[in-house]
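Only one structure is covered here, and it is reproduced in the block below.
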Amino acid sequence: MSTLPKFGLNHMVCPTYSLKDFLMFSSQLGAQTVEFRNDVGDNSLTDLASAQMAGQLAKELNIKVLSINALYPFNVWNDERAQQAREMAELAKAVKAEGLVVCPLNDGNEVSFDDLKYALSELAKILEEFNLKGFIEPLGFPISSLRSKRVALEAIDAIGQQDRFSLVHDTFHHKGAGEEEFFPERTGLIHISGLEDDIAFNDMLDGDRVLVGPKDRLDNIEQLRTLLAAGYSGPVSFEPFSKKVWDLPNPKQAVQDSIDFVNQSLTQ
């Protein structure tokens with residue numbers, strides 16, 4: 001029998017909800033962690049006053065704020081990125097988040113390994129200043145400049161920042177990249193979402209990501225089982241991007257059904 005996951009919610013589950021409503025929604029579902037975002041329009045976490053309010057409410061609800069998602073493109077480092085990282089770090093401290101999720105350039109252009117190392121070393125300085133962690137999320141899309149978790153780890157190790165950075169194991173991107181390797185001891189966060197449409201994994205887009213259920217084609221259960229059996233005990237955060245999920249008449253029941261499905265599947 002597998003250990004059951006510690007579930008959390010990413011604001012992408014319900015991006016039309018305000019910060020307060022998202023936290024109440026998360027509390028009602030028994031979420032242990034939340035991830036705020038900077039890309040959900042008017043409900044994004046973008047100012048210090050809102051961050052302090054959300055951080056206080058999360059504390060009252062006994063919910064841990066895991067991250068602000070995401071610094072993009074983190075591996076193209078310049079003055080603009082440095083400023084963006086610093087502003088996000090200030091918000092993360094105000095909301096009492098553990099760290100920042102960072103994503104690579106995803107437009108078909110390559111980024112060299114040296115540039116990846118440089119970006120991580122510069123980002124590490126800012127994260128250290130604010131006592132934050134960095135959660136690196138390789139993107140499995142064919143046009144992504146960083147698809148592989150192994151390459152991300154090689155860059156982290158090359159600059160000696162194993163204590164500052166860990167991986168995001170995203171079940172969608174793991175499948176999309178065709179990755180076989182799991183790094184449970186180097187994983188700080190798992191994102192889960194499902195795919196039910198009959199499309200090739202190379203053709204998957206964020207908008208195809210639904211909640212995990214019986215029709216899932218991404219092997220979420222097997223991925224989770226592998227990571228949990230190998231000792232992963234961190235948060236498992238729901239991150240669907242599909243409008244089908246956002247438009248559900250009863251999203252709370254849908255998320256609860258997905259939680260129940262995952263738990264039941266893992267104990268079979």
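If you're wondering about the labels, chains in the structure tokens are A, B, ... by order shown, residues count from 1 in each chain, ligands from 1 in order shown.
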Non-local contacts of Phe74 (chain A) (10 Å; only C-alpha atoms; under 4 positions in same chain excluded) as a list of chain:residue names =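 Listing them by chain and then by number gives A:Ala70, A:Asn78, A:Arg81, A:Ala82, A:Gln84, A:Ala85, A:Val101, A:Val102, A:Cys103, A:Pro104, A:Leu105, A:Leu116, A:Ala119, A:Leu120, A:Leu123, A:Ile136.
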Written file, previous selection with N, CA, C and O atoms, as a PDB file, in the first residue's frame:
```pdb
ATOM      1  N   ALA A  70       4.678  31.868 -11.820  1.00  0.00           N
ATOM      2  CA  ALA A  70       6.036  31.399 -11.960  1.00  0.00           C
ATOM      3  C   ALA A  70       6.918  32.541 -12.484  1.00  0.00           C
ATOM      4  O   ALA A  70       6.437  33.475 -13.127  1.00  0.00           O
ATOM      5  N   ASN A  78      18.631  38.525 -17.419  1.00  0.00           N
ATOM      6  CA  ASN A  78      19.000  39.887 -17.789  1.00  0.00           C
ATOM      7  C   ASN A  78      18.483  40.809 -16.689  1.00  0.00           C
ATOM      8  O   ASN A  78      17.972  40.341 -15.663  1.00  0.00           O
ATOM      9  N   ARG A  81      14.815  40.247 -15.880  1.00  0.00           N
ATOM     10  CA  ARG A  81      14.535  39.039 -15.128  1.00  0.00           C
ATOM     11  C   ARG A  81      14.933  39.193 -13.665  1.00  0.00           C
ATOM     12  O   ARG A  81      14.253  38.730 -12.765  1.00  0.00           O
ATOM     13  N   ALA A  82      16.056  39.841 -13.458  1.00  0.00           N
ATOM     14  CA  ALA A  82      16.521  40.070 -12.087  1.00  0.00           C
ATOM     15  C   ALA A  82      15.501  40.903 -11.306  1.00  0.00           C
ATOM     16  O   ALA A  82      15.192  40.607 -10.139  1.00  0.00           O
ATOM     17  N   GLN A  84      12.290  41.202 -12.009  1.00  0.00           N
ATOM     18  CA  GLN A  84      11.095  40.371 -11.852  1.00  0.00           C
ATOM     19  C   GLN A  84      11.280  39.386 -10.704  1.00  0.00           C
ATOM     20  O   GLN A  84      10.373  39.199  -9.878  1.00  0.00           O
ATOM     21  N   ALA A  85      12.446  38.776 -10.617  1.00  0.00           N
ATOM     22  CA  ALA A  85      12.716  37.811  -9.554  1.00  0.00           C
ATOM     23  C   ALA A  85      12.688  38.480  -8.185  1.00  0.00           C
ATOM     24  O   ALA A  85      12.146  37.930  -7.213  1.00  0.00           O
ATOM     25  N   VAL A 101       8.261  29.030  -8.036  1.00  0.00           N
ATOM     26  CA  VAL A 101       8.352  28.106  -9.159  1.00  0.00           C
ATOM     27  C   VAL A 101       8.932  28.881 -10.334  1.00  0.00           C
ATOM     28  O   VAL A 101       8.520  30.013 -10.615  1.00  0.00           O
ATOM     29  N   VAL A 102       9.917  28.274 -11.005  1.00  0.00           N
ATOM     30  CA  VAL A 102      10.560  28.945 -12.130  1.00  0.00           C
ATOM     31  C   VAL A 102      10.483  28.048 -13.365  1.00  0.00           C
ATOM     32  O   VAL A 102      10.699  26.844 -13.286  1.00  0.00           O
ATOM     33  N   CYS A 103      10.145  28.648 -14.504  1.00  0.00           N
ATOM     34  CA  CYS A 103       9.932  27.896 -15.748  1.00  0.00           C
ATOM     35  C   CYS A 103      10.848  28.426 -16.852  1.00  0.00           C
ATOM     36  O   CYS A 103      11.114  29.622 -16.927  1.00  0.00           O
ATOM     37  N   PRO A 104      11.301  27.535 -17.745  1.00  0.00           N
ATOM     38  CA  PRO A 104      12.238  27.922 -18.804  1.00  0.00           C
ATOM     39  C   PRO A 104      11.557  28.514 -20.026  1.00  0.00           C
ATOM     40  O   PRO A 104      10.347  28.366 -20.218  1.00  0.00           O
ATOM     41  N   LEU A 105      12.353  29.139 -20.856  1.00  0.00           N
ATOM     42  CA  LEU A 105      11.877  29.689 -22.120  1.00  0.00           C
ATOM     43  C   LEU A 105      11.186  28.593 -22.938  1.00  0.00           C
ATOM     44  O   LEU A 105      11.700  27.487 -23.074  1.00  0.00           O
ATOM     45  N   LEU A 116      22.039  28.536 -18.689  1.00  0.00           N
ATOM     46  CA  LEU A 116      21.203  27.948 -17.627  1.00  0.00           C
ATOM     47  C   LEU A 116      21.921  28.034 -16.285  1.00  0.00           C
ATOM     48  O   LEU A 116      21.326  28.459 -15.277  1.00  0.00           O
ATOM     49  N   ALA A 119      22.019  31.684 -15.091  1.00  0.00           N
ATOM     50  CA  ALA A 119      20.714  32.130 -14.585  1.00  0.00           C
ATOM     51  C   ALA A 119      20.454  31.578 -13.196  1.00  0.00           C
ATOM     52  O   ALA A 119      19.995  32.308 -12.297  1.00  0.00           O
ATOM     53  N   LEU A 120      20.753  30.306 -12.998  1.00  0.00           N
ATOM     54  CA  LEU A 120      20.524  29.699 -11.682  1.00  0.00           C
ATOM     55  C   LEU A 120      21.423  30.327 -10.615  1.00  0.00           C
ATOM     56  O   LEU A 120      20.986  30.560  -9.479  1.00  0.00           O
ATOM     57  N   LEU A 123      19.955  33.777  -9.869  1.00  0.00           N
ATOM     58  CA  LEU A 123      18.695  33.618  -9.148  1.00  0.00           C
ATOM     59  C   LEU A 123      18.940  33.170  -7.707  1.00  0.00           C
ATOM     60  O   LEU A 123      18.262  33.622  -6.777  1.00  0.00           O
ATOM     61  N   ILE A 136      12.333  24.261  -9.716  1.00  0.00           N
ATOM     62  CA  ILE A 136      12.583  24.325 -11.156  1.00  0.00           C
ATOM     63  C   ILE A 136      11.652  23.354 -11.878  1.00  0.00           C
ATOM     64  O   ILE A 136      11.645  22.156 -11.587  1.00  0.00           O
TER      65      ILE A 136
END
```
Residues within 10 Å of region 12-16 of chain A, only C-alpha atoms, excluding chain neighbours under 4 positions, as number ranges by chain: A: 21-22, 25-26, 35-37, 39-44, 69, 193, 210-211, 237-243, 245-248, 251-252, 255
| query | Do you know which residues are at most 8 Å from Val168 (chain A) counting only C-alpha atoms, after dropping those on the same chain fewer than 2 positions away, and could you put them as a ChimeraX atom specification? | reply | /A:101,135-138,166,170,187-191
Would you mind exporting all heavy atoms of the selected residues as a PDB file, in the first residue's frame?
```pdb
ATOM      1  N   VAL A 101       8.261  29.030  -8.036  1.00  0.00           N
ATOM      2  CA  VAL A 101       8.352  28.106  -9.159  1.00  0.00           C
ATOM      3  C   VAL A 101       8.932  28.881 -10.334  1.00  0.00           C
ATOM      4  O   VAL A 101       8.520  30.013 -10.615  1.00  0.00           O
ATOM      5  CB  VAL A 101       6.973  27.523  -9.526  1.00  0.00           C
ATOM      6  CG1 VAL A 101       7.045  26.750 -10.848  1.00  0.00           C
ATOM      7  CG2 VAL A 101       6.470  26.603  -8.411  1.00  0.00           C
ATOM      8  N   PHE A 135      11.895  26.223  -7.083  1.00  0.00           N
ATOM      9  CA  PHE A 135      11.349  24.974  -7.613  1.00  0.00           C
ATOM     10  C   PHE A 135      11.445  25.041  -9.141  1.00  0.00           C
ATOM     11  O   PHE A 135      10.710  25.815  -9.767  1.00  0.00           O
ATOM     12  CB  PHE A 135       9.892  24.789  -7.187  1.00  0.00           C
ATOM     13  CG  PHE A 135       9.676  24.770  -5.690  1.00  0.00           C
ATOM     14  CD1 PHE A 135       9.147  25.869  -5.028  1.00  0.00           C
ATOM     15  CD2 PHE A 135       9.997  23.644  -4.947  1.00  0.00           C
ATOM     16  CE1 PHE A 135       8.940  25.859  -3.661  1.00  0.00           C
ATOM     17  CE2 PHE A 135       9.797  23.620  -3.572  1.00  0.00           C
ATOM     18  CZ  PHE A 135       9.271  24.715  -2.931  1.00  0.00           C
ATOM     19  N   ILE A 136      12.333  24.261  -9.716  1.00  0.00           N
ATOM     20  CA  ILE A 136      12.583  24.325 -11.156  1.00  0.00           C
ATOM     21  C   ILE A 136      11.652  23.354 -11.878  1.00  0.00           C
ATOM     22  O   ILE A 136      11.645  22.156 -11.587  1.00  0.00           O
ATOM     23  CB  ILE A 136      14.043  23.978 -11.481  1.00  0.00           C
ATOM     24  CG1 ILE A 136      14.976  24.940 -10.757  1.00  0.00           C
ATOM     25  CG2 ILE A 136      14.272  24.027 -12.990  1.00  0.00           C
ATOM     26  CD1 ILE A 136      16.441  24.614 -10.938  1.00  0.00           C
ATOM     27  N   GLU A 137      10.884  23.893 -12.819  1.00  0.00           N
ATOM     28  CA  GLU A 137       9.914  23.079 -13.548  1.00  0.00           C
ATOM     29  C   GLU A 137      10.295  22.969 -15.029  1.00  0.00           C
ATOM     30  O   GLU A 137       9.952  23.854 -15.827  1.00  0.00           O
ATOM     31  CB  GLU A 137       8.503  23.668 -13.420  1.00  0.00           C
ATOM     32  CG  GLU A 137       7.460  22.830 -14.136  1.00  0.00           C
ATOM     33  CD  GLU A 137       6.031  23.232 -13.785  1.00  0.00           C
ATOM     34  OE1 GLU A 137       5.849  24.292 -13.133  1.00  0.00           O
ATOM     35  OE2 GLU A 137       5.120  22.489 -14.150  1.00  0.00           O
ATOM     36  N   PRO A 138      11.000  21.907 -15.419  1.00  0.00           N
ATOM     37  CA  PRO A 138      11.221  21.674 -16.846  1.00  0.00           C
ATOM     38  C   PRO A 138       9.868  21.499 -17.549  1.00  0.00           C
ATOM     39  O   PRO A 138       8.949  20.900 -16.996  1.00  0.00           O
ATOM     40  CB  PRO A 138      12.030  20.370 -16.875  1.00  0.00           C
ATOM     41  CG  PRO A 138      12.661  20.285 -15.517  1.00  0.00           C
ATOM     42  CD  PRO A 138      11.652  20.879 -14.586  1.00  0.00           C
ATOM     43  N   SER A 166      15.203  22.649  -6.000  1.00  0.00           N
ATOM     44  CA  SER A 166      14.706  21.288  -6.185  1.00  0.00           C
ATOM     45  C   SER A 166      13.834  21.270  -7.435  1.00  0.00           C
ATOM     46  O   SER A 166      13.548  22.311  -8.035  1.00  0.00           O
ATOM     47  CB  SER A 166      13.916  20.815  -4.957  1.00  0.00           C
ATOM     48  OG  SER A 166      12.796  21.653  -4.734  1.00  0.00           O
ATOM     49  N   ASP A 170       6.232  17.502 -12.749  1.00  0.00           N
ATOM     50  CA  ASP A 170       4.896  17.728 -13.296  1.00  0.00           C
ATOM     51  C   ASP A 170       4.526  16.506 -14.139  1.00  0.00           C
ATOM     52  O   ASP A 170       5.220  16.180 -15.103  1.00  0.00           O
ATOM     53  CB  ASP A 170       4.899  19.001 -14.152  1.00  0.00           C
ATOM     54  CG  ASP A 170       3.515  19.373 -14.644  1.00  0.00           C
ATOM     55  OD1 ASP A 170       2.955  18.602 -15.453  1.00  0.00           O
ATOM     56  OD2 ASP A 170       2.997  20.436 -14.252  1.00  0.00           O
ATOM     57  N   THR A 187      13.152  16.090  -5.617  1.00  0.00           N
ATOM     58  CA  THR A 187      11.875  16.702  -5.983  1.00  0.00           C
ATOM     59  C   THR A 187      11.288  17.441  -4.788  1.00  0.00           C
ATOM     60  O   THR A 187      11.159  16.881  -3.703  1.00  0.00           O
ATOM     61  CB  THR A 187      10.887  15.621  -6.474  1.00  0.00           C
ATOM     62  OG1 THR A 187      11.430  14.994  -7.638  1.00  0.00           O
ATOM     63  CG2 THR A 187       9.534  16.217  -6.819  1.00  0.00           C
ATOM     64  N   GLY A 188      10.917  18.713  -5.012  1.00  0.00           N
ATOM     65  CA  GLY A 188      10.343  19.504  -3.939  1.00  0.00           C
ATOM     66  C   GLY A 188       8.843  19.677  -4.050  1.00  0.00           C
ATOM     67  O   GLY A 188       8.179  20.092  -3.089  1.00  0.00           O
ATOM     68  N   LEU A 189       8.301  19.343  -5.223  1.00  0.00           N
ATOM     69  CA  LEU A 189       6.894  19.612  -5.492  1.00  0.00           C
ATOM     70  C   LEU A 189       6.442  18.753  -6.670  1.00  0.00           C
ATOM     71  O   LEU A 189       7.197  18.580  -7.632  1.00  0.00           O
ATOM     72  CB  LEU A 189       6.719  21.104  -5.821  1.00  0.00           C
ATOM     73  CG  LEU A 189       5.425  21.608  -6.446  1.00  0.00           C
ATOM     74  CD1 LEU A 189       4.238  21.361  -5.527  1.00  0.00           C
ATOM     75  CD2 LEU A 189       5.554  23.106  -6.771  1.00  0.00           C
ATOM     76  N   ILE A 190       5.240  18.217  -6.574  1.00  0.00           N
ATOM     77  CA  ILE A 190       4.637  17.492  -7.691  1.00  0.00           C
ATOM     78  C   ILE A 190       3.407  18.256  -8.152  1.00  0.00           C
ATOM     79  O   ILE A 190       2.567  18.636  -7.337  1.00  0.00           O
ATOM     80  CB  ILE A 190       4.232  16.059  -7.293  1.00  0.00           C
ATOM     81  CG1 ILE A 190       5.462  15.226  -6.924  1.00  0.00           C
ATOM     82  CG2 ILE A 190       3.475  15.371  -8.434  1.00  0.00           C
ATOM     83  CD1 ILE A 190       5.119  13.846  -6.376  1.00  0.00           C
ATOM     84  N   HIS A 191       3.306  18.481  -9.459  1.00  0.00           N
ATOM     85  CA  HIS A 191       2.082  19.005 -10.076  1.00  0.00           C
ATOM     86  C   HIS A 191       1.370  17.850 -10.774  1.00  0.00           C
ATOM     87  O   HIS A 191       2.009  17.100 -11.515  1.00  0.00           O
ATOM     88  CB  HIS A 191       2.410  20.068 -11.132  1.00  0.00           C
ATOM     89  CG  HIS A 191       2.773  21.397 -10.568  1.00  0.00           C
ATOM     90  ND1 HIS A 191       3.439  22.362 -11.295  1.00  0.00           N
ATOM     91  CD2 HIS A 191       2.530  21.943  -9.347  1.00  0.00           C
ATOM     92  CE1 HIS A 191       3.613  23.442 -10.537  1.00  0.00           C
ATOM     93  NE2 HIS A 191       3.068  23.204  -9.355  1.00  0.00           N
TER      94      HIS A 191
END
```
Between A:Phe141, A:Tyr17, A:Tyr72, A:Phe183, smallest distance to Leu167 (chain A) by only C-alpha atoms belongs to A:Phe183
**Asked** as a ChimeraX atom specification, which residues of region 102-136 of chain A does DSSP assign to strand (DSSP E)?
**Response** /A:102,133-136
Take the residues just selected and output them with N, CA and C atoms as a short mmCIF file (atom, residue, chain, number, x, y, z; two decimals), in the first residue's frame.
```
data_model
loop_
_atom_site.label_atom_id
_atom_site.label_comp_id
_atom_site.auth_asym_id
_atom_site.auth_seq_id
_atom_site.Cartn_x
_atom_site.Cartn_y
_atom_site.Cartn_z
N VAL A 102 9.92 28.27 -11.00
CA VAL A 102 10.56 28.95 -12.13
C VAL A 102 10.48 28.05 -13.37
N LYS A 133 13.25 29.16 -1.48
CA LYS A 133 13.67 28.04 -2.31
C LYS A 133 13.25 28.27 -3.76
N GLY A 134 13.93 27.60 -4.65
CA GLY A 134 13.56 27.64 -6.06
C GLY A 134 13.10 26.27 -6.51
N PHE A 135 11.90 26.22 -7.08
CA PHE A 135 11.35 24.97 -7.61
C PHE A 135 11.45 25.04 -9.14
N ILE A 136 12.33 24.26 -9.72
CA ILE A 136 12.58 24.32 -11.16
C ILE A 136 11.65 23.35 -11.88
#
```
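Comparing the minimum interatomic distances between Ile68 (chain A) and each of A:Gly99, A:Gly55, A:Gly178, A:Pro249, counting only C-alpha atoms, we find that A:Gly99 sits nearest.
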Taking 5 positions as the minimum chain separation for residues in the same chain, which residues sit within 10 Å of Gly140 (chain A) when counting only C-alpha atoms? Answer as a PyMOL selection string. chain A and resi 106+145-149+170-179+201-202+204-205
Check which residues of region 59-79 of chain A sit at most 8 Å from region 86-96 of chain A using only C-alpha atoms, and return one row each with the closest pair of atoms and their distance in Å to one decimal, ordered by chain and rising number, as CSV.
```
residue,atom,partner,partner_atom,distance
A:Val65,CA,A:Lys96,CA,6.5
A:Ser67,CA,A:Ala92,CA,7.1
A:Ile68,CA,A:Ala92,CA,6.5
A:Leu71,CA,A:Met88,CA,7.7
```
Atoms kept (N, CA and C atoms) for selection, written as a PDB file, in the first residue's frame:
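For reference, part.pdb as written:
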```pdb
ATOM      1  N   VAL A  65       1.571  28.128   2.445  1.00  0.00           N
ATOM      2  CA  VAL A  65       1.759  28.715   1.118  1.00  0.00           C
ATOM      3  C   VAL A  65       3.077  28.185   0.562  1.00  0.00           C
ATOM      4  N   SER A  67       4.242  28.297  -2.920  1.00  0.00           N
ATOM      5  CA  SER A  67       4.995  29.029  -3.935  1.00  0.00           C
ATOM      6  C   SER A  67       4.166  30.130  -4.572  1.00  0.00           C
ATOM      7  N   ILE A  68       4.882  30.994  -5.268  1.00  0.00           N
ATOM      8  CA  ILE A  68       4.281  31.840  -6.297  1.00  0.00           C
ATOM      9  C   ILE A  68       4.783  31.290  -7.635  1.00  0.00           C
ATOM     10  N   LEU A  71       8.224  32.386 -12.227  1.00  0.00           N
ATOM     11  CA  LEU A  71       9.218  33.257 -12.840  1.00  0.00           C
ATOM     12  C   LEU A  71       9.522  32.700 -14.227  1.00  0.00           C
TER      13      LEU A  71
END
```
Expected answer as number ranges by chain: helix (DSSP H, G or I) residues in region 34-161 of chain A: A: 41-43, 48-60, 79-94, 113-129, 149-158
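What separates CA of Ala155 (chain A) from CA of Asn75 (chain A) is a distance of 11.1 Å.
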Leu224 (chain A) surroundings by only C-alpha atoms, 12 Å radius, close-in-sequence under 6 positions cut, as an mmCIF file with N, CA, C and O atoms, in the first residue's frame:
```cif
data_model
loop_
_atom_site.group_PDB
_atom_site.id
_atom_site.type_symbol
_atom_site.label_atom_id
_atom_site.label_comp_id
_atom_site.auth_asym_id
_atom_site.auth_seq_id
_atom_site.Cartn_x
_atom_site.Cartn_y
_atom_site.Cartn_z
ATOM 1 N N SER A 2 0.589 2.167 -0.895
ATOM 2 C CA SER A 2 1.361 3.401 -0.968
ATOM 3 C C SER A 2 0.934 4.376 0.126
ATOM 4 O O SER A 2 -0.206 4.361 0.595
ATOM 5 N N THR A 3 1.887 5.217 0.536
ATOM 6 C CA THR A 3 1.546 6.334 1.398
ATOM 7 C C THR A 3 0.683 7.305 0.595
ATOM 8 O O THR A 3 0.953 7.565 -0.569
ATOM 9 N N LEU A 4 -0.355 7.824 1.227
ATOM 10 C CA LEU A 4 -1.229 8.745 0.505
ATOM 11 C C LEU A 4 -0.590 10.127 0.425
ATOM 12 O O LEU A 4 0.108 10.564 1.348
ATOM 13 N N PRO A 5 -0.826 10.835 -0.670
ATOM 14 C CA PRO A 5 -0.186 12.142 -0.868
ATOM 15 C C PRO A 5 -0.739 13.215 0.062
ATOM 16 O O PRO A 5 -1.855 13.109 0.582
ATOM 17 N N LYS A 6 0.063 14.270 0.219
ATOM 18 C CA LYS A 6 -0.385 15.482 0.894
ATOM 19 C C LYS A 6 -0.853 16.444 -0.200
ATOM 20 O O LYS A 6 -0.036 17.031 -0.907
ATOM 21 N N PHE A 7 -2.157 16.568 -0.342
ATOM 22 C CA PHE A 7 -2.692 17.316 -1.478
ATOM 23 C C PHE A 7 -2.685 18.823 -1.234
ATOM 24 O O PHE A 7 -2.894 19.298 -0.119
ATOM 25 N N HIS A 169 8.219 17.947 -10.242
ATOM 26 C CA HIS A 169 7.839 16.817 -11.100
ATOM 27 C C HIS A 169 6.397 17.057 -11.521
ATOM 28 O O HIS A 169 5.469 16.873 -10.738
ATOM 29 N N ASP A 170 6.232 17.502 -12.749
ATOM 30 C CA ASP A 170 4.896 17.728 -13.296
ATOM 31 C C ASP A 170 4.526 16.506 -14.139
ATOM 32 O O ASP A 170 5.220 16.180 -15.103
ATOM 33 N N THR A 171 3.456 15.821 -13.778
ATOM 34 C CA THR A 171 3.117 14.563 -14.462
ATOM 35 C C THR A 171 2.828 14.777 -15.937
ATOM 36 O O THR A 171 3.142 13.922 -16.767
ATOM 37 N N HIS A 174 6.327 15.481 -17.539
ATOM 38 C CA HIS A 174 7.112 14.243 -17.513
ATOM 39 C C HIS A 174 6.728 13.362 -18.696
ATOM 40 O O HIS A 174 7.590 12.831 -19.400
ATOM 41 N N PHE A 182 13.010 9.200 -12.596
ATOM 42 C CA PHE A 182 12.381 9.877 -11.465
ATOM 43 C C PHE A 182 13.478 10.265 -10.477
ATOM 44 O O PHE A 182 14.431 9.516 -10.281
ATOM 45 N N PHE A 183 13.326 11.423 -9.867
ATOM 46 C CA PHE A 183 14.320 11.900 -8.914
ATOM 47 C C PHE A 183 13.616 12.295 -7.610
ATOM 48 O O PHE A 183 13.571 13.468 -7.237
ATOM 49 N N PRO A 184 13.039 11.313 -6.900
ATOM 50 C CA PRO A 184 12.222 11.644 -5.717
ATOM 51 C C PRO A 184 12.974 12.423 -4.652
ATOM 52 O O PRO A 184 12.412 13.328 -4.024
ATOM 53 N N LEU A 189 8.301 19.343 -5.223
ATOM 54 C CA LEU A 189 6.894 19.612 -5.492
ATOM 55 C C LEU A 189 6.442 18.753 -6.670
ATOM 56 O O LEU A 189 7.197 18.580 -7.632
ATOM 57 N N ILE A 190 5.240 18.217 -6.574
ATOM 58 C CA ILE A 190 4.637 17.492 -7.691
ATOM 59 C C ILE A 190 3.407 18.256 -8.152
ATOM 60 O O ILE A 190 2.567 18.636 -7.337
ATOM 61 N N HIS A 191 3.306 18.481 -9.459
ATOM 62 C CA HIS A 191 2.082 19.005 -10.076
ATOM 63 C C HIS A 191 1.370 17.850 -10.774
ATOM 64 O O HIS A 191 2.009 17.100 -11.515
ATOM 65 N N ILE A 192 0.073 17.722 -10.549
ATOM 66 C CA ILE A 192 -0.679 16.688 -11.255
ATOM 67 C C ILE A 192 -1.830 17.304 -12.046
ATOM 68 O O ILE A 192 -2.466 18.263 -11.630
ATOM 69 N N SER A 193 -2.034 16.724 -13.214
ATOM 70 C CA SER A 193 -3.188 17.042 -14.052
ATOM 71 C C SER A 193 -3.369 15.861 -14.988
ATOM 72 O O SER A 193 -2.452 15.052 -15.163
ATOM 73 N N VAL A 212 -7.452 14.696 -12.623
ATOM 74 C CA VAL A 212 -7.073 13.289 -12.787
ATOM 75 C C VAL A 212 -8.260 12.392 -12.457
ATOM 76 O O VAL A 212 -8.844 12.478 -11.370
ATOM 77 N N LEU A 218 -2.073 9.968 -18.785
ATOM 78 C CA LEU A 218 -0.723 10.386 -18.424
ATOM 79 C C LEU A 218 -0.055 9.479 -17.391
ATOM 80 O O LEU A 218 1.071 9.742 -16.972
ATOM 81 N N ALA A 230 9.322 5.595 -3.476
ATOM 82 C CA ALA A 230 10.749 5.899 -3.354
ATOM 83 C C ALA A 230 11.041 6.898 -2.240
ATOM 84 O O ALA A 230 12.189 7.316 -2.065
ATOM 85 N N GLY A 231 10.014 7.302 -1.505
ATOM 86 C CA GLY A 231 10.230 8.139 -0.341
ATOM 87 C C GLY A 231 9.783 9.582 -0.448
ATOM 88 O O GLY A 231 9.943 10.347 0.504
ATOM 89 N N TYR A 232 9.218 9.986 -1.590
ATOM 90 C CA TYR A 232 8.739 11.369 -1.695
ATOM 91 C C TYR A 232 7.585 11.586 -0.715
ATOM 92 O O TYR A 232 6.635 10.804 -0.674
ATOM 93 N N SER A 233 7.677 12.651 0.063
ATOM 94 C CA SER A 233 6.640 12.912 1.067
ATOM 95 C C SER A 233 6.172 14.359 1.035
ATOM 96 O O SER A 233 5.521 14.829 1.971
ATOM 97 N N GLY A 234 6.501 15.080 -0.044
ATOM 98 C CA GLY A 234 6.132 16.485 -0.152
ATOM 99 C C GLY A 234 4.749 16.679 -0.739
ATOM 100 O O GLY A 234 3.974 15.718 -0.901
ATOM 101 N N PRO A 235 4.402 17.902 -1.084
ATOM 102 C CA PRO A 235 3.067 18.224 -1.570
ATOM 103 C C PRO A 235 2.812 17.742 -2.993
ATOM 104 O O PRO A 235 3.723 17.670 -3.818
ATOM 105 N N VAL A 236 1.560 17.406 -3.254
ATOM 106 C CA VAL A 236 1.073 17.039 -4.585
ATOM 107 C C VAL A 236 -0.015 18.045 -4.932
ATOM 108 O O VAL A 236 -1.091 18.051 -4.328
ATOM 109 N N SER A 237 0.272 18.900 -5.887
ATOM 110 C CA SER A 237 -0.560 20.068 -6.149
ATOM 111 C C SER A 237 -1.333 19.910 -7.457
ATOM 112 O O SER A 237 -0.742 19.669 -8.513
ATOM 113 N N VAL A 262 -7.639 9.439 -6.829
ATOM 114 C CA VAL A 262 -6.199 9.221 -6.661
ATOM 115 C C VAL A 262 -5.932 8.384 -5.417
ATOM 116 O O VAL A 262 -5.173 7.401 -5.461
ATOM 117 N N ASN A 263 -6.553 8.741 -4.315
ATOM 118 C CA ASN A 263 -6.324 8.003 -3.072
ATOM 119 C C ASN A 263 -6.744 6.545 -3.190
ATOM 120 O O ASN A 263 -6.030 5.630 -2.782
ATOM 121 N N SER A 265 -7.065 4.779 -5.921
ATOM 122 C CA SER A 265 -6.212 4.082 -6.888
ATOM 123 C C SER A 265 -4.881 3.697 -6.269
ATOM 124 O O SER A 265 -4.337 2.617 -6.535
ATOM 125 N N LEU A 266 -4.344 4.583 -5.434
ATOM 126 C CA LEU A 266 -3.039 4.315 -4.825
ATOM 127 C C LEU A 266 -3.104 3.222 -3.766
ATOM 128 O O LEU A 266 -2.077 2.609 -3.446
ATOM 129 N N THR A 267 -4.284 2.985 -3.220
ATOM 130 C CA THR A 267 -4.397 1.964 -2.167
ATOM 131 C C THR A 267 -4.861 0.619 -2.689
ATOM 132 O O THR A 267 -5.039 -0.329 -1.938
#
```
Q. Closest to Phe261 (chain A) among A:Asp157, A:Asp216, A:Glu110, A:Glu181, using only C-alpha atoms?
A.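 Of all the options, A:Asp216 lies closest to Phe261 (chain A).
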One decimal place gives the CA of Asp47 (chain A)-CA of Leu23 (chain A) separation as 16.9 Å
TODO: May I ask for the distance between CA of His11 (chain A) and CA of Gln56 (chain A), given in Å to one decimal place?
DONE: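 Going from CA of His11 (chain A) over to CA of Gln56 (chain A), I get 17.1 Å.
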